[in-house]
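Undergrad: I am attaching a structure below and will ask some questions about it afterwards.
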Amino acid sequence: MGDDREEFNRYCDVTMRGGAASGVVYPWAVVELARHYRFRSLGGASAGAIAAAFTAAAEKGRDDGGFGKLEDVIRWFAAPDWRLAQLFQPSEHTRKLYRIVAASMQSRDTTGRSATTCLVLALLGAIGFRAKVALGLVLALWLVGPFAWFLALDWGTTPTWALVAIIVTVLLVVPSVLIRVRPKRRTRKNTALTWLRRLGTAVLLALPLIPVYLATRWTTQSLASAATATAWWMVLAFAFVSAVATTYLLGAKRFLTTKAQTIHFGLVPGTGEFTANFWDRRCGVPRSTGVPPMSDWFADRLDDLSGTENLRFSHLTTNLVLMTTDLSEGRPYRLPFSEPSPAWLYCTKCLNNVVPQRITDTLDGTETEHTCPLHKDSTLRTLPQDLPVALAVRMSMPMPGLIAAVPLCCAEPEPRVHWFSDGGVTSNFPIHFFDSLLPRWPTFGLTLGPLRDGGDPVWLPEQDSSTTGTPYREVSRPLQFATAILDTMLDWRDTMQSALPGYRGRIAHIRLADGEGGTNLFMTPKTIRTLAERGRRAGTLLRDRFTADDAEKTDRYRWIRMRLAMREYQQLAAQAKQRADLYKDLADDYPIPEDLHEWFDTPPAGADPHGTDIILTLDGLAALRPGPFDGEPPVDPDLRLTPPE
């Protein structure tokens, strides 16, 4: 048994949290773990699924430098030409909308571009000629309206006190409103050039008022006219903003009504040809430097890391499990699909939109009599059980709305489309993957969280505690409240699972500041390397904890899990002792209905053919020593049946 212990201490499982661009923290973390461990099972969702697949591929190619190549992935990302952002390439249908997304990610501190300027250019390019004319008229009204009002206004015999009241009211109200609606600064640098830009922006916004103030005289009536013209300028500005918002909302509604299904509910398909043109670059889309689309890049990297062309699950030396979400059924699925699973069908044209054609060609599914509901000229084919890893990664990673969902069909009895999207929708940190009552080796977790002032960017909790360090977030504004609701809906199960004894001490927390990870595709090379180093530190902490002193902490982990398991066995034994009589008669003489005969390899002739063994099992459980033992963990987890994912 000592030899088994030595062998099992060299193995581990790993699960990784989803987090879009935050995934750059994972490669160096698993490289550090790989210096001691061999990975037996790997899992994740979204960006965690990408990292898990890359790790599985590197394990497959370990003897050919797989983990060295995985380490180089970060160096590739940290090149100075925004390679991470270049992976996100829109289609011709979505190019104009994607410019708006790219523009919103700009910052003087990172890309050197103004988000406001890029956004204005992106918005101008996203609408048609008639909409441009309509907004141009509203803009012209804002530009000339205040001065026209100033010239046309005649106060007549209006009392002086009323004019003074108007002037004072405008002086109090307009500045306070402008202060409240001013945009937050996107840059922290207060250089002379920054102040010059701000001054230029202020002059541009105040342009309609310049002729008003030049024509104003130091009389009460003239000052009152200037004051009301200022109020009119502010009202027209809000009207212009409202017109812009209405125009784009109506345009978006029209586009989504007619094109949403065509673009698979996402701006970035994942494959195809795209080159950023002049207007794209003005809006913040990075210059094309030969970086392939994300699905092509993933497929190429998987092949390179593993040394296997068109890598499939059957090629792997590890158990790789990825999480995806079937939005049509409203449930999660594990990939590869576990048994029993529906007979999934695929459309070649649909998949060619989200993965490179060479991946679709490797499926080589059998043609069926059904046609695709989305492409009436395309025949559906059976999806093989042994999937290409690149397809599974693509099914797990979509960020809803940004990356296109993956459609598969199921004949039920007529084919219906099932849309597979981000696995993080149902479980963003599937730490429950690979878990058992009595694990042989630890399942390490790599998770993400916000970096607070003064906090350590990498934290590994003590494994014996169960409540210290429970996540807490400040909720003081409506947006924070809404975000907290959404995050709780998505992550409550993973959060509670991670707090259990036997779980906490094997989950490393990597904390990210604003502007790091998430949907920040335009991270600087320095930021990418900083996040990767945090991942390296997290991997080192886990490795050192569980390997030090002849793996003493690994044995400690097993002991904690053993005591938890004994508690669950005792509770099951108590139920068997109290309730067995309700079931023994059923095991002995219950006539099994015919529609349940399919549960058996040999259909039963009458009562349960294993009734005697069931009764002996119930008696054996009831004979277990009643608990609880002294020294059990303070948390009593629930042992329950859950449906397979």
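Just so we're on the same page: first chain in the structure tokens is A, next is B, and so on; residues restart at 1 for each chain, and ligands are numbered from 1 in the order they show up.
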Give me the residues within 10 Å of A:Gly61 as an mmCIF file with C-alpha atoms, in the first residue's frame, counting only C-alpha atoms and dropping any in the same chain fewer than 4 places off.

TA:
```
data_model
loop_
_atom_site.group_PDB
_atom_site.id
_atom_site.type_symbol
_atom_site.label_atom_id
_atom_site.label_comp_id
_atom_site.auth_asym_id
_atom_site.auth_seq_id
_atom_site.Cartn_x
_atom_site.Cartn_y
_atom_site.Cartn_z
ATOM 1 C CA THR A 55 -3.348 21.522 -20.025
ATOM 2 C CA ALA A 56 -4.733 18.169 -21.200
ATOM 3 C CA ALA A 57 -3.046 18.680 -24.571
ATOM 4 C CA GLY A 65 7.910 19.701 -24.344
ATOM 5 C CA GLY A 66 4.171 20.237 -24.067
ATOM 6 C CA PHE A 67 4.370 22.306 -20.889
ATOM 7 C CA LYS A 69 4.992 25.233 -25.201
ATOM 8 C CA LEU A 302 -4.177 22.069 -29.131
ATOM 9 C CA ASP A 303 -2.493 20.207 -31.968
ATOM 10 C CA ASP A 304 0.864 21.848 -31.245
ATOM 11 C CA LEU A 305 0.749 21.202 -27.489
ATOM 12 C CA SER A 306 -0.296 17.574 -27.868
ATOM 13 C CA GLY A 307 1.669 16.695 -30.977
ATOM 14 C CA THR A 308 -1.524 15.205 -32.421
ATOM 15 C CA LEU A 316 -5.836 12.339 -24.444
ATOM 16 C CA THR A 317 -4.027 10.676 -21.575
#
```

Undergrad: Determine, counting only C-alpha atoms, which protein, DNA and RNA residues have an atom within 9 Å of an atom of stretch 43-48 of chain A; residues of the same chain fewer than 2 positions away are not included. Present the result as an MDAnalysis selection string.

TA: chainID A and resid 13:24 26 41 50:53 319:324 393:399 422:425 427:431 433:434 446

Undergrad: What is the distance, in Å and to one decimal place, between atom CA of A:Arg95 and atom CA of A:Leu267?

TA: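 Between these atoms lies a distance of 7.7 Å.
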
Undergrad: Could you list, as a PyMOL selection string, every residue within 10 Å of stretch 493-505 of chain A, counting only C-alpha atoms and ignoring same-chain residues fewer than 6 positions away?

TA: chain A and resi 17+426-432+435+442-445+447+460-471+542+545-546+553+556-564+633-637

Undergrad: Go ahead and save the picked residues with C-alpha atoms, as a PDB file, in the first residue's frame.

TA:
```
ATOM      1  CA  ARG A  17     -13.042  29.091 -13.153  1.00  0.00           C
ATOM      2  CA  THR A 426     -24.754  27.161 -15.074  1.00  0.00           C
ATOM      3  CA  SER A 427     -21.434  26.519 -13.307  1.00  0.00           C
ATOM      4  CA  ASN A 428     -18.574  28.936 -13.741  1.00  0.00           C
ATOM      5  CA  PHE A 429     -16.343  27.063 -11.289  1.00  0.00           C
ATOM      6  CA  PRO A 430     -17.280  23.349 -11.389  1.00  0.00           C
ATOM      7  CA  ILE A 431     -15.207  22.348  -8.373  1.00  0.00           C
ATOM      8  CA  HIS A 432     -17.582  19.398  -7.915  1.00  0.00           C
ATOM      9  CA  ASP A 435     -15.244  14.603  -6.584  1.00  0.00           C
ATOM     10  CA  PRO A 442      -6.639  16.094  -4.476  1.00  0.00           C
ATOM     11  CA  THR A 443      -8.646  18.076  -6.995  1.00  0.00           C
ATOM     12  CA  PHE A 444      -7.009  21.506  -7.066  1.00  0.00           C
ATOM     13  CA  GLY A 445      -9.090  24.551  -7.891  1.00  0.00           C
ATOM     14  CA  THR A 447     -10.509  30.536  -8.991  1.00  0.00           C
ATOM     15  CA  LEU A 460      -4.597  29.916  -0.438  1.00  0.00           C
ATOM     16  CA  PRO A 461      -6.939  29.330   2.552  1.00  0.00           C
ATOM     17  CA  GLU A 462      -6.156  26.929   5.354  1.00  0.00           C
ATOM     18  CA  GLN A 463      -7.754  23.604   4.521  1.00  0.00           C
ATOM     19  CA  ASP A 464      -9.131  22.891   8.018  1.00  0.00           C
ATOM     20  CA  SER A 465     -11.278  26.033   8.315  1.00  0.00           C
ATOM     21  CA  SER A 466     -14.730  26.317   6.793  1.00  0.00           C
ATOM     22  CA  THR A 467     -15.895  29.901   7.286  1.00  0.00           C
ATOM     23  CA  THR A 468     -12.857  32.185   7.561  1.00  0.00           C
ATOM     24  CA  GLY A 469     -12.448  34.227   4.399  1.00  0.00           C
ATOM     25  CA  THR A 470     -16.027  33.814   3.197  1.00  0.00           C
ATOM     26  CA  PRO A 471     -16.398  36.084   0.130  1.00  0.00           C
ATOM     27  CA  LEU A 542      -0.629  24.484  -4.130  1.00  0.00           C
ATOM     28  CA  ARG A 545       1.537  22.742   0.337  1.00  0.00           C
ATOM     29  CA  PHE A 546       0.640  19.245  -0.830  1.00  0.00           C
ATOM     30  CA  LYS A 553      -0.858  17.917   3.802  1.00  0.00           C
ATOM     31  CA  ARG A 556      -4.302  15.598   6.078  1.00  0.00           C
ATOM     32  CA  TYR A 557      -6.662  16.263   3.159  1.00  0.00           C
ATOM     33  CA  ARG A 558      -7.488  12.560   2.869  1.00  0.00           C
ATOM     34  CA  TRP A 559      -8.142  12.355   6.636  1.00  0.00           C
ATOM     35  CA  ILE A 560     -10.585  15.290   6.490  1.00  0.00           C
ATOM     36  CA  ARG A 561     -12.399  13.717   3.562  1.00  0.00           C
ATOM     37  CA  MET A 562     -12.508  10.372   5.376  1.00  0.00           C
ATOM     38  CA  ARG A 563     -14.168  11.950   8.422  1.00  0.00           C
ATOM     39  CA  LEU A 564     -16.700  13.720   6.220  1.00  0.00           C
ATOM     40  CA  PRO A 633     -15.660  18.735  10.956  1.00  0.00           C
ATOM     41  CA  PRO A 634     -18.025  21.519  12.068  1.00  0.00           C
ATOM     42  CA  VAL A 635     -19.930  21.508   8.770  1.00  0.00           C
ATOM     43  CA  ASP A 636     -22.383  18.730   7.983  1.00  0.00           C
ATOM     44  CA  PRO A 637     -22.726  18.554   4.184  1.00  0.00           C
TER      45      PRO A 637
END
```

Undergrad: Considering only C-alpha atoms, return as a CSV table (one decimal) with all heavy atoms, in the first residue's frame whatever protein or nucleic-acid residues lie within 7 Å of stretch 285-291 of chain A, sequence-local ones (same chain, fewer than 3 positions apart) excluded.

TA:
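The result, stored in selection22.csv:
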```
chain,number,residue,atom,x,y,z
A,82,TRP,N,-1.4,43.6,-29.3
A,82,TRP,CA,-2.8,43.3,-28.9
A,82,TRP,C,-3.3,41.9,-29.5
A,82,TRP,O,-4.4,41.8,-30.1
A,82,TRP,CB,-3.7,44.4,-29.3
A,82,TRP,CG,-3.3,45.8,-28.9
A,82,TRP,CD1,-2.9,46.7,-29.8
A,82,TRP,CD2,-3.1,46.3,-27.6
A,82,TRP,NE1,-2.5,47.9,-29.1
A,82,TRP,CE2,-2.6,47.6,-27.8
A,82,TRP,CE3,-3.3,45.8,-26.3
A,82,TRP,CZ2,-2.3,48.4,-26.7
A,82,TRP,CZ3,-3.0,46.6,-25.2
A,82,TRP,CH2,-2.5,47.9,-25.4
A,83,ARG,N,-2.5,40.9,-29.3
A,83,ARG,CA,-2.8,39.6,-29.9
A,83,ARG,C,-4.1,39.0,-29.3
A,83,ARG,O,-4.9,38.3,-30.0
A,83,ARG,CB,-1.7,38.6,-29.8
A,83,ARG,CG,-0.5,39.0,-30.7
A,83,ARG,CD,0.7,38.0,-30.5
A,83,ARG,NE,1.7,38.4,-31.5
A,83,ARG,CZ,2.9,37.7,-31.5
A,83,ARG,NH1,3.1,36.7,-30.7
A,83,ARG,NH2,3.8,38.1,-32.4
A,86,GLN,N,-6.9,40.6,-30.9
A,86,GLN,CA,-7.0,40.2,-32.4
A,86,GLN,C,-7.7,38.8,-32.5
A,86,GLN,O,-8.2,38.6,-33.6
A,86,GLN,CB,-5.6,40.1,-33.0
A,86,GLN,CG,-5.0,41.4,-33.3
A,86,GLN,CD,-3.7,41.3,-34.1
A,86,GLN,OE1,-3.8,40.7,-35.3
A,86,GLN,NE2,-2.6,41.7,-33.6
A,87,LEU,N,-7.7,38.0,-31.5
A,87,LEU,CA,-8.4,36.7,-31.6
A,87,LEU,C,-9.9,36.9,-31.8
A,87,LEU,O,-10.6,36.1,-32.4
A,87,LEU,CB,-8.2,35.9,-30.4
A,87,LEU,CG,-6.7,35.3,-30.1
A,87,LEU,CD1,-6.7,34.6,-28.8
A,87,LEU,CD2,-6.3,34.4,-31.3
A,99,ARG,N,-17.3,47.1,-33.7
A,99,ARG,CA,-16.6,48.3,-33.5
A,99,ARG,C,-17.0,49.1,-32.3
A,99,ARG,O,-16.2,49.6,-31.5
A,99,ARG,CB,-16.8,49.3,-34.7
A,99,ARG,CG,-16.1,48.9,-36.0
A,99,ARG,CD,-16.6,49.8,-37.1
A,99,ARG,NE,-16.1,49.4,-38.4
A,99,ARG,CZ,-16.7,49.8,-39.6
A,99,ARG,NH1,-17.7,50.7,-39.5
A,99,ARG,NH2,-16.2,49.4,-40.7
A,102,ALA,N,-15.4,47.2,-29.3
A,102,ALA,CA,-14.0,47.5,-29.3
A,102,ALA,C,-13.7,49.0,-28.8
A,102,ALA,O,-12.8,49.2,-28.0
A,102,ALA,CB,-13.3,47.3,-30.6
A,275,THR,N,-10.1,41.1,-41.8
A,275,THR,CA,-8.9,42.0,-41.8
A,275,THR,C,-9.4,43.4,-41.4
A,275,THR,O,-10.4,43.9,-42.0
A,275,THR,CB,-8.2,42.1,-43.2
A,275,THR,OG1,-7.8,40.8,-43.5
A,275,THR,CG2,-7.0,43.1,-43.1
A,276,ALA,N,-8.9,44.0,-40.4
A,276,ALA,CA,-9.3,45.3,-39.9
A,276,ALA,C,-9.0,46.4,-40.9
A,276,ALA,O,-7.9,46.5,-41.4
A,276,ALA,CB,-8.7,45.6,-38.6
A,280,ASP,N,-12.2,50.5,-39.1
A,280,ASP,CA,-12.2,49.6,-37.9
A,280,ASP,C,-11.1,50.1,-36.9
A,280,ASP,O,-11.3,50.2,-35.7
A,280,ASP,CB,-11.8,48.2,-38.3
A,280,ASP,CG,-13.0,47.5,-39.1
A,280,ASP,OD1,-14.1,47.9,-38.9
A,280,ASP,OD2,-12.6,46.7,-40.0
A,281,ARG,N,-9.9,50.4,-37.5
A,281,ARG,CA,-8.8,50.8,-36.6
A,281,ARG,C,-9.1,52.1,-35.9
A,281,ARG,O,-8.7,52.3,-34.8
A,281,ARG,CB,-7.5,50.9,-37.5
A,281,ARG,CG,-7.1,49.5,-38.0
A,281,ARG,CD,-5.6,49.5,-38.5
A,281,ARG,NE,-5.4,50.4,-39.6
A,281,ARG,CZ,-5.6,50.1,-40.8
A,281,ARG,NH1,-6.0,48.9,-41.2
A,281,ARG,NH2,-5.4,51.0,-41.8
```

Undergrad: Might you pull out every residue within 12 Å of A:Asp361, with only C-alpha atoms counted and same-chain residues fewer than 5 positions away left off, and present them as a short mmCIF file (atom, residue, chain, number, x, y, z; two decimals) with N, CA, C and O atoms, in the first residue's frame?

TA:
```
data_model
loop_
_atom_site.label_atom_id
_atom_site.label_comp_id
_atom_site.auth_asym_id
_atom_site.auth_seq_id
_atom_site.Cartn_x
_atom_site.Cartn_y
_atom_site.Cartn_z
N ASN A 310 -5.64 17.35 -35.17
CA ASN A 310 -7.09 17.27 -34.94
C ASN A 310 -7.38 16.47 -33.66
O ASN A 310 -8.07 15.44 -33.66
N TYR A 346 -25.58 17.29 -36.27
CA TYR A 346 -24.96 18.58 -36.57
C TYR A 346 -25.13 18.92 -38.04
O TYR A 346 -25.29 18.04 -38.90
N CYS A 347 -25.12 20.22 -38.30
CA CYS A 347 -25.18 20.75 -39.66
C CYS A 347 -23.79 21.27 -40.02
O CYS A 347 -23.21 22.08 -39.28
N THR A 348 -23.26 20.81 -41.12
CA THR A 348 -21.91 21.21 -41.53
C THR A 348 -21.81 22.72 -41.70
O THR A 348 -20.84 23.35 -41.26
N LYS A 349 -22.82 23.33 -42.30
CA LYS A 349 -22.78 24.78 -42.51
C LYS A 349 -22.81 25.54 -41.19
O LYS A 349 -22.12 26.55 -41.03
N LEU A 351 -21.70 24.47 -38.20
CA LEU A 351 -20.44 24.32 -37.47
C LEU A 351 -19.29 25.02 -38.17
O LEU A 351 -18.36 25.51 -37.52
N ASN A 352 -19.34 25.10 -39.50
CA ASN A 352 -18.28 25.81 -40.22
C ASN A 352 -18.27 27.30 -39.89
O ASN A 352 -17.30 28.00 -40.20
N VAL A 355 -16.29 26.84 -35.99
CA VAL A 355 -15.00 26.16 -35.87
C VAL A 355 -14.41 26.02 -37.27
O VAL A 355 -15.14 26.04 -38.27
N PRO A 356 -13.08 25.90 -37.37
CA PRO A 356 -12.48 25.75 -38.70
C PRO A 356 -13.00 24.51 -39.41
O PRO A 356 -13.32 23.50 -38.78
N THR A 366 -22.44 10.32 -40.01
CA THR A 366 -23.30 9.64 -40.98
C THR A 366 -24.47 10.53 -41.34
O THR A 366 -25.11 11.14 -40.47
N ARG A 381 -26.10 15.43 -39.91
CA ARG A 381 -25.27 14.25 -39.72
C ARG A 381 -25.21 13.90 -38.24
O ARG A 381 -25.39 14.76 -37.37
N LEU A 383 -23.61 13.23 -34.74
CA LEU A 383 -22.42 13.70 -34.04
C LEU A 383 -21.75 12.52 -33.36
O LEU A 383 -22.38 11.82 -32.55
N PRO A 384 -20.47 12.26 -33.64
CA PRO A 384 -19.81 11.10 -33.02
C PRO A 384 -19.61 11.32 -31.52
O PRO A 384 -19.56 12.46 -31.04
N LEU A 387 -15.52 13.42 -29.62
CA LEU A 387 -15.51 14.76 -30.20
C LEU A 387 -14.09 15.30 -30.37
O LEU A 387 -13.19 14.97 -29.57
N PRO A 388 -13.87 16.16 -31.35
CA PRO A 388 -12.63 16.95 -31.36
C PRO A 388 -12.62 17.88 -30.15
O PRO A 388 -13.64 18.50 -29.82
N LEU A 391 -13.81 21.50 -30.75
CA LEU A 391 -15.25 21.75 -30.80
C LEU A 391 -15.82 21.85 -29.39
O LEU A 391 -16.65 22.73 -29.11
#
```

Undergrad: Using DSSP on the backbone, list every residue of stretch 160-306 of chain A that comes out as helix (DSSP H, G or I), and give them as a ChimeraX atom specification.

TA: /A:160-181,192-205,207-215,220-259,278-282,294-306

Undergrad: For A:Leu33, work out the shell of residues within 9 Å, counting only C-alpha atoms and skipping chain neighbours fewer than 4 positions away, then give it as a short mmCIF file (atom, residue, chain, number, x, y, z; two decimals) with all heavy atoms, in the first residue's frame.

TA:
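The new file out_12.cif reads:
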```cif
data_model
loop_
_atom_site.label_atom_id
_atom_site.label_comp_id
_atom_site.auth_asym_id
_atom_site.auth_seq_id
_atom_site.Cartn_x
_atom_site.Cartn_y
_atom_site.Cartn_z
N CYS A 12 -2.91 14.50 -9.59
CA CYS A 12 -3.88 15.49 -9.13
C CYS A 12 -4.90 15.73 -10.24
O CYS A 12 -4.68 15.40 -11.41
CB CYS A 12 -3.20 16.81 -8.74
SG CYS A 12 -2.64 17.81 -10.14
N TRP A 28 0.70 29.40 -16.53
CA TRP A 28 1.88 29.26 -15.69
C TRP A 28 1.55 28.57 -14.37
O TRP A 28 2.43 27.98 -13.73
CB TRP A 28 2.53 30.62 -15.46
CG TRP A 28 3.23 31.12 -16.70
CD1 TRP A 28 3.25 30.50 -17.92
CD2 TRP A 28 3.99 32.31 -16.84
NE1 TRP A 28 3.98 31.24 -18.82
CE2 TRP A 28 4.44 32.36 -18.19
CE3 TRP A 28 4.32 33.35 -16.00
CZ2 TRP A 28 5.22 33.41 -18.67
CZ3 TRP A 28 5.09 34.40 -16.48
CH2 TRP A 28 5.54 34.43 -17.80
N ALA A 29 0.28 28.66 -13.93
CA ALA A 29 -0.12 27.94 -12.72
C ALA A 29 -0.01 26.43 -12.93
O ALA A 29 0.55 25.71 -12.09
CB ALA A 29 -1.55 28.33 -12.32
N TYR A 37 3.31 17.03 -10.44
CA TYR A 37 2.14 16.18 -10.65
C TYR A 37 1.95 15.79 -12.11
O TYR A 37 2.36 16.51 -13.03
CB TYR A 37 0.87 16.93 -10.21
CG TYR A 37 0.76 17.14 -8.72
CD1 TYR A 37 1.04 18.38 -8.15
CD2 TYR A 37 0.36 16.11 -7.87
CE1 TYR A 37 0.94 18.59 -6.78
CE2 TYR A 37 0.25 16.30 -6.50
CZ TYR A 37 0.54 17.55 -5.97
OH TYR A 37 0.42 17.74 -4.62
N ARG A 38 1.30 14.66 -12.27
CA ARG A 38 0.68 14.31 -13.55
C ARG A 38 -0.82 14.50 -13.40
O ARG A 38 -1.39 14.10 -12.39
CB ARG A 38 1.01 12.87 -13.95
CG ARG A 38 2.43 12.71 -14.47
CD ARG A 38 2.66 11.35 -15.09
NE ARG A 38 3.97 11.28 -15.71
CZ ARG A 38 4.21 11.57 -16.99
NH1 ARG A 38 3.22 11.94 -17.77
NH2 ARG A 38 5.43 11.48 -17.48
N PHE A 39 -1.42 15.10 -14.41
CA PHE A 39 -2.83 15.44 -14.33
C PHE A 39 -3.67 14.25 -14.75
O PHE A 39 -3.52 13.72 -15.86
CB PHE A 39 -3.14 16.65 -15.21
CG PHE A 39 -2.36 17.88 -14.81
CD1 PHE A 39 -1.26 18.30 -15.54
CD2 PHE A 39 -2.73 18.60 -13.69
CE1 PHE A 39 -0.54 19.42 -15.18
CE2 PHE A 39 -2.01 19.73 -13.31
CZ PHE A 39 -0.92 20.14 -14.05
N ARG A 536 1.35 31.69 -11.64
CA ARG A 536 2.52 30.87 -11.29
C ARG A 536 2.65 30.73 -9.77
O ARG A 536 2.91 29.64 -9.25
CB ARG A 536 3.80 31.49 -11.86
CG ARG A 536 5.03 30.60 -11.68
CD ARG A 536 6.30 31.35 -11.97
NE ARG A 536 6.42 31.79 -13.32
CZ ARG A 536 6.85 31.03 -14.34
NH1 ARG A 536 7.14 29.77 -14.13
NH2 ARG A 536 6.95 31.54 -15.55
N GLY A 539 0.00 28.30 -8.45
CA GLY A 539 0.39 26.92 -8.69
C GLY A 539 1.50 26.47 -7.75
O GLY A 539 1.50 25.33 -7.26
N THR A 540 2.45 27.37 -7.49
CA THR A 540 3.55 27.03 -6.58
C THR A 540 3.04 26.79 -5.16
O THR A 540 3.47 25.86 -4.48
CB THR A 540 4.60 28.16 -6.59
OG1 THR A 540 5.08 28.34 -7.92
CG2 THR A 540 5.75 27.83 -5.68
N LEU A 542 0.07 25.76 -4.19
CA LEU A 542 -0.63 24.48 -4.13
C LEU A 542 0.36 23.32 -4.14
O LEU A 542 0.25 22.38 -3.34
CB LEU A 542 -1.60 24.36 -5.30
CG LEU A 542 -2.90 25.16 -5.21
CD1 LEU A 542 -3.62 25.17 -6.54
CD2 LEU A 542 -3.81 24.58 -4.13
N ARG A 543 1.32 23.40 -5.04
CA ARG A 543 2.29 22.30 -5.15
C ARG A 543 3.09 22.15 -3.86
O ARG A 543 3.25 21.04 -3.34
CB ARG A 543 3.23 22.57 -6.32
CG ARG A 543 4.22 21.44 -6.61
CD ARG A 543 5.31 21.90 -7.54
NE ARG A 543 6.14 22.91 -6.90
CZ ARG A 543 6.70 23.93 -7.56
NH1 ARG A 543 6.51 24.09 -8.85
NH2 ARG A 543 7.45 24.81 -6.91
#
```

Undergrad: Residues within 9 Å of A:Trp155, please, as a list of chain:residue names. Count only C-alpha atoms; anything in the same chain fewer than 5 positions from it doesn't count.

TA: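 Final neighbour list, sorted by chain and number: A:Leu163, A:Gln221, A:Ala224, A:Ser225.
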
Undergrad: Would you mind exporting the chosen residues as a compact mmCIF listing (two decimals), in the first residue's frame, restricted to N, CA and C atoms?

TA:
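Once everything was written out, this is part-v9.txt:
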```
# COMPACT_ATOMS: atom_id res chain seq x y z
N LEU A 163 -36.28 88.47 -13.90
CA LEU A 163 -35.10 88.18 -14.71
C LEU A 163 -33.93 87.73 -13.85
N GLN A 221 -31.64 92.10 -18.99
CA GLN A 221 -32.37 91.36 -20.03
C GLN A 221 -31.42 90.51 -20.87
N ALA A 224 -30.32 87.57 -18.80
CA ALA A 224 -31.41 86.60 -18.69
C ALA A 224 -31.55 85.80 -19.98
N SER A 225 -31.38 86.48 -21.13
CA SER A 225 -31.45 85.77 -22.42
C SER A 225 -30.32 84.75 -22.53
```

Undergrad: Would you tabulate, counting only C-alpha atoms, all residues of stretch 429-539 of chain A that have an atom at most 9 Å from an atom of stretch 111-122 of chain A, showing the closest pair of atoms and their distance in Å to one decimal, sorted by chain then ascending number, as JSON lines?

TA:
```
{"residue": "A:Phe522", "atom": "CA", "partner": "A:Thr111", "partner_atom": "CA", "distance": 6.9}
{"residue": "A:Met523", "atom": "CA", "partner": "A:Thr111", "partner_atom": "CA", "distance": 8.4}
{"residue": "A:Thr524", "atom": "CA", "partner": "A:Thr111", "partner_atom": "CA", "distance": 8.0}
```

Undergrad: Calculated over only C-alpha atoms, which of the candidates A:Trp149, A:Leu199, A:Tyr333, A:Ala404 has the smallest distance to A:Ala260?

TA: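 Using only C-alpha atoms, A:Ala260 sits closest to A:Ala404.
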
Undergrad: Among stretch 398-489 of chain A, which ones does DSSP assign to strand (DSSP E) (computed from the backbone)? Answer as a list in words.

TA: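 Taking stretch 398-489 of chain A and keeping strand (DSSP E) only, one gets Gly401, Leu402, Ile403, Val406, Pro407, Leu408, Cys409, Cys410, Ala411, Pro415, Arg416, Val417, His418, Trp419, Phe420, Ser421, Thr443, Phe444, Gly445, Leu446, Thr447, Leu448, Gly449, Pro450, Val458 and Trp459 of chain A.
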
Undergrad: Just checking: using only C-alpha atoms, which residue out of A:Ala49, A:Ile179, A:Phe150, A:Pro450 ends up closest to A:Leu214?

TA: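 For A:Leu214, the nearest of the candidates is A:Phe150.
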
Undergrad: Please indicate the distance in Å from atom CA of A:Val181 to atom CA of A:Leu207, rounded to one decimal place.

TA: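 Separation of atom CA of A:Val181 and atom CA of A:Leu207: 18.3 Å.
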
Undergrad: What is the distance, in Å and to one decimal place, between atom CA of A:Trp195 and atom CA of A:Leu123?

TA: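 Separation of atom CA of A:Trp195 and atom CA of A:Leu123: 25.5 Å.
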
Undergrad: Tell me which of A:Ala392, A:Val144, A:Leu402, A:Leu327 sits closest to A:His418, counting only C-alpha atoms.

TA: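 Under the stated criterion, the closest residue is A:Leu327.
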
Undergrad: Pick from A:Gly330, A:Pro415, A:Gly401, A:Gly365: nearest to A:Pro342, with only C-alpha atoms counted?

TA: A:Pro415
